[in-house]
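Step one of this worksheet: look at the structure below.
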Amino acid sequence: MTHSPDGASTTRRGFLGLVGLTALSAACSTPAGPKPGAARATATAMDKLTALIPKYVPLQVVKPDIIGSVPGFGRDGFLKYPTALVDSVTAKPGKGGTYKVMVPTWSPLPPPLGSNSYYDAVNTDIGATVDFNYLDGLTIHEKLPTLLAGGDVADVTTVPGWALTAVPDYSKAVDGLFEDLTPYLAGDISAKYPALAAIPTLAWQYSVFGGKLKAVPAWPTPSFGLVLFHRKDLWDKFGLTPPKSADELFEMGKQVTDPKAERWAFSDIFLVMQEIFRVPRKWRKEGGKLVHGYETPEYEAAVAFMRKLVDNDLMHPNVLSAKSAGDDKELFKSGQILVKSDGFSFWAETLIQMAKENPDFWMEPVPVFGGDGGKPEYRVNQDPSYTFVKKGTPKEKVEELLGLFNYFSSPFGTQEQLLFNNGVENEHFTRDASGAPQQTELGPKEIVGSYVWLGGRVDPIFESQAHPNYVQAATTWWNSAVLVRHQDPFDGIRVQEPGDFTAAVKPFEDKVTDIIRGRRDVSTLSQAIGEWRKGGGDAGREFYQKVLTDNGRA
């Protein structure tokens with residue numbers, strides 16, 4: 001196994017895949033605790049925040065083999081590991097401080113500080129002690145409201161953006177618990193913190209809460225929440241070519257499904273099919289009015305498509321019986337499912353695992369296509385995760401922490417990134433014939449996603465061990481998909497929604513699930529939409545219309 005910027009390790013790559021899945025499931029559920037009322041709903045336009053954030057100064061230390069298609073959205077690629085690494089930070093950023101740091105994890109807990117040579121090596125290199133406390137990523141959106149309400153936060157807290165927005169009145173919580181970083185980071189900071197200055201502007205804009213820069217962006221690379229993968233090796237055996245419409249995808253599904261051979265075409269792909277049918281992320285403007293995605297013919301078409309898969313027995317029965325997502329992954333790997341959706345990082349993770357079990361295994365995202373055969377629109381998540389500093393931290397400690405965050409923002413091709421991604425050579429990793437780091441047995445036991453949360457990098461795609469064709473295939477798909485990214489009328493505006501609008505989502509989507517699974521008739525969709533409107537949908541429309549008006553976009 002190997003660490004890489006696109007997920008760093010099979011362990012870390014695994015939790016990043018779950019990030020996308022958990023984010024989407026969290027978006028479809030109502031968090032525990034009190035709901036924010038409409039009076040607390042807010043919206044902030046990002047383009048008005050220039051004076052509060054760092055000036056963007058690019059930082060590239062090694063030249064990629066493949067250049068991304070769209071600045072800020074495309075991904076560079078490295079076909080081989082750089083032979084000469086650069087020192088990004090010439091002096092220890094730490095001043096001997098010790099900090100309790102809370103980050104999420106989707107991995108088994110590693111040995112703690114004092115029993116972990118990886119922690120020892122990184123803490124020695126930075127000149128400070130970072131002591132991690134991990135919060136379970138699968139339940140973070142449920143536990144975070146209580147944790148923040150208690151007010152007893154760590155010295156540093158990193159929160160995924162999707163989990164934070166599950167917190168009622170999260171802007172108020174952020175303001176009350178975390179330090180204002182505006183005085184330290186506004187303007188041109190490239191001389192003092194060059195790696196922080198290289199974090200894209202949009203990620204910094206999202207990190208402004210209530211008119212103050214309250215966080216350093218973590219993981220700022222825009223990402224696709226879900227990708228439609230297929231077992232291309234098996235498709236090739238059936239003589240199938242990439243579909244250009246949902247109808248073609250359906251017909252291909254009929255060709256490959258054979259219950260007697262324990263082979264079904266699909267897992268539950270409803271969320272990604274909404275993108276393929278061009279359902280708006282939330283709203284679109286029609287004749288000066290806002291129309292929600294639920295109300296569109298595209299959404300109805302996506303629901304009807306999924307119901308057709310169920311009616312024709314093209315979805316694996318385990319998926320229909322609501323078994324775990326782990327089954328979904330394993331069924332795909334074993335060839336019982338040929339098409340599934342997952343986070344982008346699932347690709348390299350699976351290739352690495354299957355290289356030893358099945359050398360002929362090959363998977364790819366289905367090439368971009370529109371449900372009706374027209375131009376596709378793929379959704380790109382732009383908001384980052386957030387790394388906060390506890391309110392009341394002394395100035396010298398804030399500056400020390402910012403130096404550490406700058407270190408952990410060091411880009412691919414630096415000695416620093418090699419260390420915090422891979423650990424110590426000949427202990428946590430060795431080199432393959434091309435010089436790329438390869439994990440030892442100790443590596444995944446001691447290294448999970450930890451220090452990587454404390455910085456923001458626009459990571460290229462590199463994975464030397466996944467498959468010889470992986471980097472070329474991955475960059476080709478990614479850089480094609482971002483060319484047709486969905487344009488949302490609220491792009492660049494962070495919105496804290498009215499509570500009634502948020503609360504109306506789960507009851508509606510539960511009814512839609514019943515329709516897709518055959519427990520309700522398709523004709524009841526319009527009734528469910530009407531109930532959604534009365535239960536908070538129309539109130540949300542009124543609020544969002546005001547957001548457009550207030551920001552000159554009506």
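We label chains A, B, ... in the order they appear in the structure tokens, count residues from 1 in each chain, and number ligands from 1 in the order shown.
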Exercise. Where does DSSP see alpha helix (DSSP H) in segment 357-544 of chain A, if you list the residues as a VMD selection string?
Worked result: chain A and resid 357 395 to 407 415 to 422 443 to 446 470 to 481 499 to 503 505 to 516 525 to 532 538 to 544
Per-residue nearest contacts segment 154-205 of chain A to segment 84-96 of chain A, cut-off 12 Å, using only C-alpha atoms, as a Markdown table:
| residue | atom | partner | partner_atom | distance |
| --- | --- | --- | --- | --- |
| A:Ala191 | CA | A:Val89 | CA | 11.7 |
| A:Lys192 | CA | A:Val89 | CA | 10.4 |
| A:Tyr193 | CA | A:Val89 | CA | 9.5 |
| A:Pro194 | CA | A:Ser88 | CA | 8.8 |
| A:Ala195 | CA | A:Ser88 | CA | 8.2 |
| A:Leu196 | CA | A:Ser88 | CA | 11.7 |
Pull C-alpha atoms from the residues just selected and write them as a compact mmCIF listing (two decimals), in the first residue's frame.
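Done, and the output landed in selection_6.txt:
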# COMPACT_ATOMS: atom_id res chain seq x y z
CA ALA A 191 6.24 35.84 3.39
CA LYS A 192 5.32 34.41 6.81
CA TYR A 193 2.95 31.58 5.87
CA PRO A 194 3.53 30.74 2.18
CA ALA A 195 1.66 27.44 2.26
CA LEU A 196 -1.39 29.05 3.89
Return as JSON lines the residues of segment 422-485 of chain A lying at most 9 Å from segment 199-217 of chain A, together with the closest atom-to-atom pair for each and the distance in Å to one decimal, counting only C-alpha atoms, with rows in chain order and ascending residue number.
{"residue": "A:Leu454", "atom": "CA", "partner": "A:Val216", "partner_atom": "CA", "distance": 8.1}
{"residue": "A:Gly455", "atom": "CA", "partner": "A:Pro217", "partner_atom": "CA", "distance": 6.9}
{"residue": "A:Gly456", "atom": "CA", "partner": "A:Pro217", "partner_atom": "CA", "distance": 5.6}
{"residue": "A:Arg457", "atom": "CA", "partner": "A:Ile199", "partner_atom": "CA", "distance": 6.3}
{"residue": "A:Val458", "atom": "CA", "partner": "A:Ile199", "partner_atom": "CA", "distance": 7.1}
For this session: Determine which residues of segment 212-259 of chain A receive a DSSP assignment of strand (DSSP E), computed from the backbone, and state them as a ChimeraX atom specification.
Result: /A:212-213,216-218,227-230
For C-alpha atoms, I'd like the residues from the last selection saved as a PDB file, in the first residue's frame.
ATOM      1  CA  LYS A 212     -14.552  37.344  11.131  1.00  0.00           C
ATOM      2  CA  LEU A 213     -12.013  34.854   9.781  1.00  0.00           C
ATOM      3  CA  VAL A 216      -7.968  27.762   8.609  1.00  0.00           C
ATOM      4  CA  PRO A 217      -9.423  25.665   5.769  1.00  0.00           C
ATOM      5  CA  ALA A 218      -8.667  21.968   5.886  1.00  0.00           C
ATOM      6  CA  VAL A 227     -19.051   9.185  -8.296  1.00  0.00           C
ATOM      7  CA  LEU A 228     -20.793   6.503 -10.382  1.00  0.00           C
ATOM      8  CA  PHE A 229     -18.304   3.620 -10.614  1.00  0.00           C
ATOM      9  CA  HIS A 230     -18.524   0.532 -12.773  1.00  0.00           C
TER      10      HIS A 230
END
For segment 151-182 of chain A versus segment 375-394 of chain A, which residues have an atom no more than 9 Å away, and what is each residue's nearest atom pair and distance in Å rounded to one decimal, using only C-alpha atoms, chain-then-number order, as CSV?
residue,atom,partner,partner_atom,distance
A:Val153,CA,A:Lys390,CA,6.9
A:Ala154,CA,A:Lys390,CA,6.7
A:Asp155,CA,A:Lys390,CA,5.1
A:Val156,CA,A:Val389,CA,4.7
A:Thr157,CA,A:Phe388,CA,5.2
A:Thr158,CA,A:Thr387,CA,4.2
A:Val159,CA,A:Tyr386,CA,5.3
A:Pro160,CA,A:Ser385,CA,4.1
A:Gly161,CA,A:Ser385,CA,4.6
A:Trp162,CA,A:Ser385,CA,7.9
A:Ala163,CA,A:Ser385,CA,8.9
A:Leu164,CA,A:Ser385,CA,8.7
A:Val174,CA,A:Phe388,CA,8.5
A:Asp175,CA,A:Lys391,CA,8.7
A:Gly176,CA,A:Lys391,CA,7.5
A:Leu177,CA,A:Lys391,CA,5.4
A:Phe178,CA,A:Lys391,CA,4.2
A:Glu179,CA,A:Lys391,CA,4.1
A:Asp180,CA,A:Lys391,CA,7.6
A:Leu181,CA,A:Val389,CA,8.5
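Closest approach to Gly127 of chain A among A:Tyr407, A:Tyr170, A:Phe332, A:Phe429: A:Tyr407, based on only C-alpha atoms.
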Problem set entry | Selection: 10 Å around Tyr99 of chain A, only C-alpha atoms, excl. self and same-chain fewer than 2 positions, as a list in words |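 In the requested format, the answer is Gly96, Gly97, Val101, Met102, Ala128, Thr129, Val130, Asp131, Phe132, Ala154, Asp155, Val156, Lys397 and Leu401 of chain A.
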Exercise. Which one of A:Val547, A:Leu249, A:Val398, A:Val495 sits closest to Phe266 of chain A if you count only C-alpha atoms?
Worked result: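 Ranking A:Val547, A:Leu249, A:Val398, A:Val495 by distance to Phe266 of chain A, first place goes to A:Leu249.
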Exercise. Rounded to one decimal in Å, what is the spacing between atom CA of Tyr81 of chain A and atom CA of Pro468 of chain A?
Worked result: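 So the two atoms, atom CA of Tyr81 of chain A and atom CA of Pro468 of chain A, lie 13.0 Å apart.
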Exercise. Any idea what's packed within 8 Å of segment 60-63 of chain A, counting only C-alpha atoms, ignoring anything in its chain fewer than 3 positions away? Could you give it as a list of chain:residue names?
Worked result: A:Pro82, A:Val86, A:Pro411, A:Phe412, A:Gly413, A:Thr414
Exercise. What's the 9 Å shell around Leu320 of chain A, counting only C-alpha atoms, without same-chain residues fewer than 3 positions away, as a PyMOL selection string?
Worked result: chain A and resi 267-268+310+315-317+323+517
How would the residues just picked look written out with C-alpha atoms as a compact mmCIF listing (two decimals), in the first residue's frame?
# COMPACT_ATOMS: atom_id res chain seq x y z
CA SER A 267 -26.51 -0.80 -5.93
CA ASP A 268 -28.57 2.18 -4.70
CA VAL A 310 -36.31 -2.04 -8.58
CA MET A 315 -30.68 -3.85 -7.81
CA HIS A 316 -28.94 -6.31 -5.51
CA PRO A 317 -31.40 -7.75 -2.95
CA LYS A 323 -27.91 -4.01 4.67
CA ARG A 517 -38.54 0.56 -3.11
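Between Arg494 of chain A and the candidates A:Trp478, A:Phe250, A:Tyr544, A:Gly535, the tightest atom-to-atom separation, counting only C-alpha atoms, involves A:Tyr544.
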